[in-house]
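Q: Structure: upload36.txt, compact mmCIF, C-alpha atoms.
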# COMPACT_ATOMS: atom_id res chain seq x y z
CA ASN A 1 4.53 18.78 -6.14
CA ALA A 2 7.09 16.04 -6.54
CA GLY A 3 5.07 13.40 -4.73
CA VAL A 4 6.26 11.21 -1.90
CA MET A 5 9.99 10.64 -2.09
CA GLN A 6 11.83 7.67 -0.67
CA ASN A 7 15.53 7.00 -0.56
CA PRO A 8 17.45 5.02 -1.16
CA ARG A 9 15.50 3.07 -3.76
CA HIS A 10 17.66 0.02 -3.22
CA LEU A 11 19.62 -0.83 -0.11
CA VAL A 12 21.88 -3.81 0.45
CA ARG A 13 23.02 -4.68 3.94
CA ARG A 14 24.84 -7.60 5.52
CA ARG A 15 23.33 -9.39 8.48
CA GLY A 16 23.89 -7.41 11.67
CA GLN A 17 24.18 -4.01 10.00
CA GLU A 18 21.74 -1.16 10.35
CA ALA A 19 19.33 0.03 7.66
CA ARG A 20 17.93 3.56 7.50
CA LEU A 21 15.08 4.26 5.13
CA ARG A 22 13.93 7.82 4.48
CA CYS A 23 10.57 9.18 3.43
CA SER A 24 9.75 12.76 2.49
CA PRO A 25 5.99 13.24 2.37
CA MET A 26 4.20 15.38 -0.15
CA LYS A 27 4.28 19.09 0.57
CA GLY A 28 1.65 19.98 3.12
CA HIS A 29 1.19 16.41 4.34
CA SER A 30 1.83 15.77 8.00
CA HIS A 31 0.64 12.15 8.24
CA VAL A 32 3.06 9.38 7.30
CA TYR A 33 2.46 5.64 7.11
CA TRP A 34 5.02 2.89 6.61
CA TYR A 35 4.15 -0.46 5.04
CA ARG A 36 6.24 -3.55 4.38
CA GLN A 37 5.77 -5.94 1.49
CA LEU A 38 7.40 -9.34 1.77
CA PRO A 39 7.93 -11.31 -1.46
CA GLU A 40 4.68 -12.59 -2.96
CA GLU A 41 2.55 -10.88 -0.30
CA GLY A 42 0.45 -7.75 0.02
CA LEU A 43 1.51 -4.62 1.86
CA LYS A 44 1.30 -4.78 5.64
CA PHE A 45 0.94 -1.75 7.88
CA MET A 46 3.85 -1.04 10.21
CA VAL A 47 3.55 2.41 11.76
CA TYR A 48 1.62 5.67 11.51
CA LEU A 49 3.23 8.96 12.48
CA GLN A 50 2.39 12.60 12.60
CA LYS A 51 5.01 15.29 13.05
CA GLU A 52 7.03 14.41 16.17
CA ASN A 53 4.50 11.77 17.28
CA ILE A 54 4.04 8.06 16.79
CA ILE A 55 0.30 7.52 16.58
CA ASP A 56 0.11 3.78 15.93
CA GLU A 57 3.01 1.33 15.86
CA SER A 58 0.93 -1.80 16.22
CA GLY A 59 2.32 -3.34 13.02
CA MET A 60 5.96 -2.80 13.81
CA PRO A 61 8.11 -5.57 15.33
CA LYS A 62 8.90 -4.74 18.95
CA GLU A 63 12.62 -5.28 18.59
CA ARG A 64 15.14 -3.78 16.20
CA PHE A 65 12.63 -1.53 14.40
CA SER A 66 11.99 2.13 15.16
CA ALA A 67 10.46 5.07 13.34
CA GLU A 68 10.48 8.81 13.70
CA PHE A 69 9.07 11.85 11.96
CA PRO A 70 10.87 14.91 13.27
CA LYS A 71 9.63 18.48 13.08
CA GLU A 72 12.11 19.12 10.31
CA GLY A 73 13.26 16.59 7.76
CA PRO A 74 12.06 13.26 6.48
CA SER A 75 10.52 10.37 8.33
CA ILE A 76 13.05 7.64 9.10
CA LEU A 77 12.45 3.92 9.46
CA ARG A 78 15.40 2.35 11.19
CA ILE A 79 16.16 -1.35 11.35
CA GLN A 80 19.00 -2.41 13.62
CA GLN A 81 20.94 -5.66 13.30
CA VAL A 82 19.16 -6.67 10.12
CA VAL A 83 18.41 -10.32 9.40
CA ARG A 84 17.59 -12.05 6.12
CA GLY A 85 13.88 -11.99 6.97
CA ASP A 86 13.94 -8.19 6.84
CA SER A 87 14.48 -8.35 3.08
CA ALA A 88 11.39 -6.70 1.64
CA ALA A 89 10.04 -3.62 -0.07
CA TYR A 90 9.25 -0.82 2.35
CA PHE A 91 6.68 1.73 1.25
CA CYS A 92 5.89 5.07 2.73
CA ALA A 93 2.61 6.91 2.20
CA SER A 94 1.48 10.36 3.22
CA SER A 95 -1.87 12.05 3.61
CA PRO A 96 -2.87 15.67 4.12
CA VAL A 97 -3.34 17.66 7.27
CA SER A 98 -7.03 17.79 6.53
CA GLY A 99 -7.40 14.17 7.43
CA ARG A 100 -8.60 13.07 4.03
CA ASP A 101 -7.92 9.41 4.08
CA GLU A 102 -6.44 9.03 0.61
CA GLN A 103 -2.84 7.99 0.99
CA PHE A 104 -0.22 8.82 -1.61
CA PHE A 105 2.54 6.29 -1.95
CA GLY A 106 6.23 6.62 -2.54
CA PRO A 107 8.16 4.36 -4.93
CA GLY A 108 9.43 2.17 -2.12
CA THR A 109 12.83 1.08 -0.86
CA ARG A 110 13.86 -2.46 -1.65
CA LEU A 111 16.02 -3.80 1.16
CA THR A 112 18.16 -6.85 0.53
CA VAL A 113 19.96 -8.47 3.44
CA LEU A 114 22.87 -10.70 2.47
CA ALA B 115 -9.20 -7.15 13.46
CA GLN B 116 -9.87 -6.37 9.83
CA ARG B 117 -8.86 -8.65 6.98
CA VAL B 118 -8.94 -8.41 3.19
CA THR B 119 -8.86 -11.43 0.89
CA GLN B 120 -8.17 -11.49 -2.82
CA PRO B 121 -8.59 -15.13 -3.84
CA GLU B 122 -6.98 -14.87 -7.26
CA LYS B 123 -3.26 -14.26 -7.51
CA LEU B 124 -3.35 -14.11 -11.31
CA LEU B 125 -6.07 -13.29 -13.81
CA SER B 126 -5.32 -13.69 -17.47
CA VAL B 127 -7.87 -12.40 -20.00
CA PHE B 128 -7.94 -11.46 -23.65
CA LYS B 129 -8.28 -7.88 -24.77
CA GLY B 130 -11.93 -6.92 -25.00
CA ALA B 131 -13.08 -9.57 -22.55
CA PRO B 132 -14.67 -8.69 -19.22
CA VAL B 133 -12.55 -8.85 -16.12
CA GLU B 134 -13.62 -9.15 -12.49
CA LEU B 135 -11.26 -9.08 -9.54
CA LYS B 136 -12.69 -10.44 -6.34
CA CYS B 137 -12.23 -8.85 -2.95
CA ASN B 138 -13.78 -9.93 0.31
CA TYR B 139 -13.28 -8.29 3.65
CA SER B 140 -14.02 -8.93 7.27
CA TYR B 141 -14.80 -6.08 9.62
CA SER B 142 -17.80 -5.66 11.83
CA GLY B 143 -18.13 -1.88 11.49
CA SER B 144 -18.25 0.50 8.54
CA PRO B 145 -14.96 0.44 6.70
CA GLU B 146 -13.91 2.38 3.68
CA LEU B 147 -12.85 0.25 0.72
CA PHE B 148 -10.32 1.07 -1.96
CA TRP B 149 -8.74 -0.40 -5.04
CA TYR B 150 -5.10 0.49 -5.63
CA VAL B 151 -3.21 -0.30 -8.83
CA GLN B 152 0.48 -0.64 -9.55
CA TYR B 153 1.52 -0.52 -13.19
CA SER B 154 4.92 -1.83 -14.19
CA ARG B 155 7.73 0.36 -12.84
CA GLN B 156 5.29 2.80 -11.27
CA ARG B 157 4.24 3.51 -7.73
CA LEU B 158 1.08 2.31 -6.11
CA GLN B 159 -1.79 4.65 -6.89
CA LEU B 160 -5.41 4.90 -5.93
CA LEU B 161 -7.77 3.60 -8.61
CA LEU B 162 -11.09 4.13 -6.88
CA ARG B 163 -12.82 4.20 -3.51
CA HIS B 164 -16.29 3.07 -2.65
CA ILE B 165 -17.56 6.37 -1.29
CA SER B 166 -16.96 8.17 -4.58
CA ARG B 167 -19.05 5.67 -6.53
CA GLU B 168 -17.39 6.67 -9.78
CA SER B 169 -15.92 4.84 -12.73
CA ILE B 170 -12.21 5.27 -13.33
CA LYS B 171 -10.61 4.01 -16.55
CA GLY B 172 -13.76 2.00 -17.15
CA PHE B 173 -13.50 0.20 -13.79
CA THR B 174 -16.30 0.10 -11.25
CA ALA B 175 -16.62 -1.50 -7.85
CA ASP B 176 -19.69 -1.90 -5.71
CA LEU B 177 -19.62 -2.38 -1.99
CA ASN B 178 -21.87 -5.27 -0.97
CA LYS B 179 -22.17 -5.14 2.79
CA GLY B 180 -24.26 -8.30 2.93
CA GLU B 181 -21.58 -10.34 1.22
CA THR B 182 -18.74 -8.16 2.58
CA SER B 183 -17.35 -7.85 -0.92
CA PHE B 184 -15.93 -5.08 -3.07
CA HIS B 185 -15.29 -6.70 -6.44
CA LEU B 186 -13.66 -4.69 -9.22
CA LYS B 187 -15.08 -4.99 -12.72
CA LYS B 188 -14.41 -3.79 -16.22
CA PRO B 189 -16.56 -4.90 -19.15
CA PHE B 190 -13.84 -4.67 -21.82
CA ALA B 191 -10.25 -5.15 -20.70
CA GLN B 192 -7.45 -3.29 -22.46
CA GLU B 193 -3.77 -4.23 -22.67
CA GLU B 194 -2.87 -1.17 -20.60
CA ASP B 195 -4.91 -2.62 -17.72
CA SER B 196 -2.18 -5.19 -17.13
CA ALA B 197 -0.97 -4.44 -13.61
CA MET B 198 -1.09 -5.51 -9.96
CA TYR B 199 -4.33 -4.65 -8.23
CA TYR B 200 -4.74 -4.41 -4.47
CA CYS B 201 -7.96 -4.19 -2.55
CA ALA B 202 -7.63 -2.30 0.74
CA LEU B 203 -9.72 -1.32 3.71
CA SER B 204 -9.37 1.51 6.18
CA VAL B 205 -11.10 2.39 9.40
CA LYS B 206 -11.24 6.00 10.58
CA ALA B 207 -11.09 4.99 14.21
CA ALA B 208 -7.84 3.18 13.50
CA GLY B 209 -6.12 6.22 12.03
CA ASN B 210 -7.00 5.28 8.48
CA LYS B 211 -4.20 2.77 8.21
CA LEU B 212 -4.77 0.53 5.23
CA THR B 213 -5.22 -3.23 5.40
CA PHE B 214 -4.34 -4.73 2.03
CA GLY B 215 -5.26 -7.92 0.30
CA GLY B 216 -2.54 -10.05 -1.22
CA GLY B 217 -3.00 -8.57 -4.67
CA THR B 218 -4.13 -9.88 -8.05
CA ARG B 219 -1.93 -9.69 -11.10
CA VAL B 220 -3.96 -8.97 -14.23
CA LEU B 221 -2.53 -9.88 -17.58
CA VAL B 222 -4.44 -8.73 -20.64
CA LYS B 223 -3.39 -10.61 -23.73
CA PRO B 224 -3.71 -9.14 -27.23
For this file, write the structure as structure tokens.

A:
Amino acid sequence: NAGVMQNPRHLVRRRGQEARLRCSPMKGHSHVYWYRQLPEEGLKFMVYLQKENIIDESGMPKERFSAEFPKEGPSILRIQQVVRGDSAAYFCASSPVSGRDEQFFGPGTRLTVL
Amino acid sequence: AQRVTQPEKLLSVFKGAPVELKCNYSYSGSPELFWYVQYSRQRLQLLLRHISRESIKGFTADLNKGETSFHLKKPFAQEEDSAMYYCALSVKAAGNKLTFGGGTRVLVKP
């Protein structure tokens, strides 16, 4: 089991462009969580998804941010019209179908907005 | 809403000395508490959780509901313990999303 995969590991965008971050959960995991870590801060919850459903998006900004976890393929966190304040590390975590609450983290995507 | 506080951003200790990382939380119900660790160039990984009540790599943490604390302790720090440590809380009713503290960097000097 390769663990949670995230790509790209580093992403550079200019202000106004779109950023797409991908997360492939561990095999057999159908729960995905996205967290954001701003410089010098802890991780903050953004969104929780199960296959084809958004369960909790209470931590996600209402504008410009969206997330999906389709039946096939990775989960995608999409940021439209990026601004400098979006520069952060974005982490994805997955947990098993069984509902065990241990979350396994990916290596993160570091987004830099110029 | 739940909140986790780690008052120390940096803890510097000598090898063989005890180390204690403080974690306080606020939540009125029964949360689950975790310690996650991130070694240099590695991903965040679970170190221990309060329900398992076990010692991992010599670390222990006791949940004190009266003081709403979950401090992490190790009696004899090793150089390989140098890392970022995050205390986190989850609530089943909230889909088990994790609320993290700001993290404590531990530096163990030889």

Q: Using the file's own x, y and z axes, so that the box edges lie along x, y and z, what centre and edge lengths in Å (one decimal) does a box around every listed atom of region 51-65 of chain A get when 6 Å is added on each side? Give it as lines of an AutoDock Vina configuration file.

A:
center_x = 7.6
center_y = 4.9
center_z = 16.0
size_x = 27.0
size_y = 32.9
size_z = 17.9

Q: Taking only C-alpha atoms into account, find every residue of chain A that has an atom no more than 10 Å from chain B, and write it out as a ChimeraX atom specification.

A: /A:4,31-35,37,40-49,55-56,91,93,95,99-108

Q: Skip Ser24 (chain A) itself and residues of its chain fewer than 2 positions away, then list as a list in words all residues within 8 Å of it, counting all atoms listed in the file.

A: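 Near neighbours after the sequence-gap exclusion: Val4, Met5, Gln6, Arg22, Met26, Gly73, Pro74 and Ser75 of chain A.
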
Q: Every residue with an atom at most 10 Å from (25.0, -10.8, 6.4) (file coordinates; only C-alpha atoms) is what I'm after, so could you write them as a VMD selection string?

A: chain A and resid 12 to 17 81 to 84 112 to 114

Q: Grab the CA of Gly28 (chain A) to CA of Pro96 (chain A) distance for me, in Å with one decimal place.

A: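 Answer for the CA of Gly28 (chain A) to CA of Pro96 (chain A) separation: 6.3 Å.
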
Q: Which value, in Å to one decimal, gives the distance between CA of Ser94 (chain A) and CA of Arg117 (chain B)?

A: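 These atoms are spaced 22.0 Å apart.
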
Q: Fewer than 2 positions away in the same chain doesn't count, so skip those; otherwise give me all residues within 12 Å of region 174-187 of chain B, counting all atoms listed in the file, as a ChimeraX atom specification.

A: /B:116-122,131-151,161-172,189-191,195,199-203,215,218,220

Q: Of the candidates A:Arg36, A:Lys51, A:His10, A:Arg78, which shows the shortest atom-to-atom distance to Glu63 (chain A), using only C-alpha atoms?

A: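 Under the stated criterion, the closest residue is A:Arg78.
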
Q: In file coordinates, which residues lie within 9 Å of (4.6, 12.7, 17.2) using all atoms listed in the file, given as a PyMOL selection string?

A: chain A and resi 49-55+68-71

Q: To one decimal in Å, tell me the separation between CA of Cys23 (chain A) and CA of Ser58 (chain A).

A: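 One can read the CA of Cys23 (chain A) to CA of Ser58 (chain A) distance as 19.4 Å.
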
Q: Using only C-alpha atoms, which protein or nucleic acid residues come within 10 Å of Ser154 (chain B)? Drop anything in the same chain fewer than 6 positions from it, and give the result as an NGL selection string.

A: :B and (196-198)
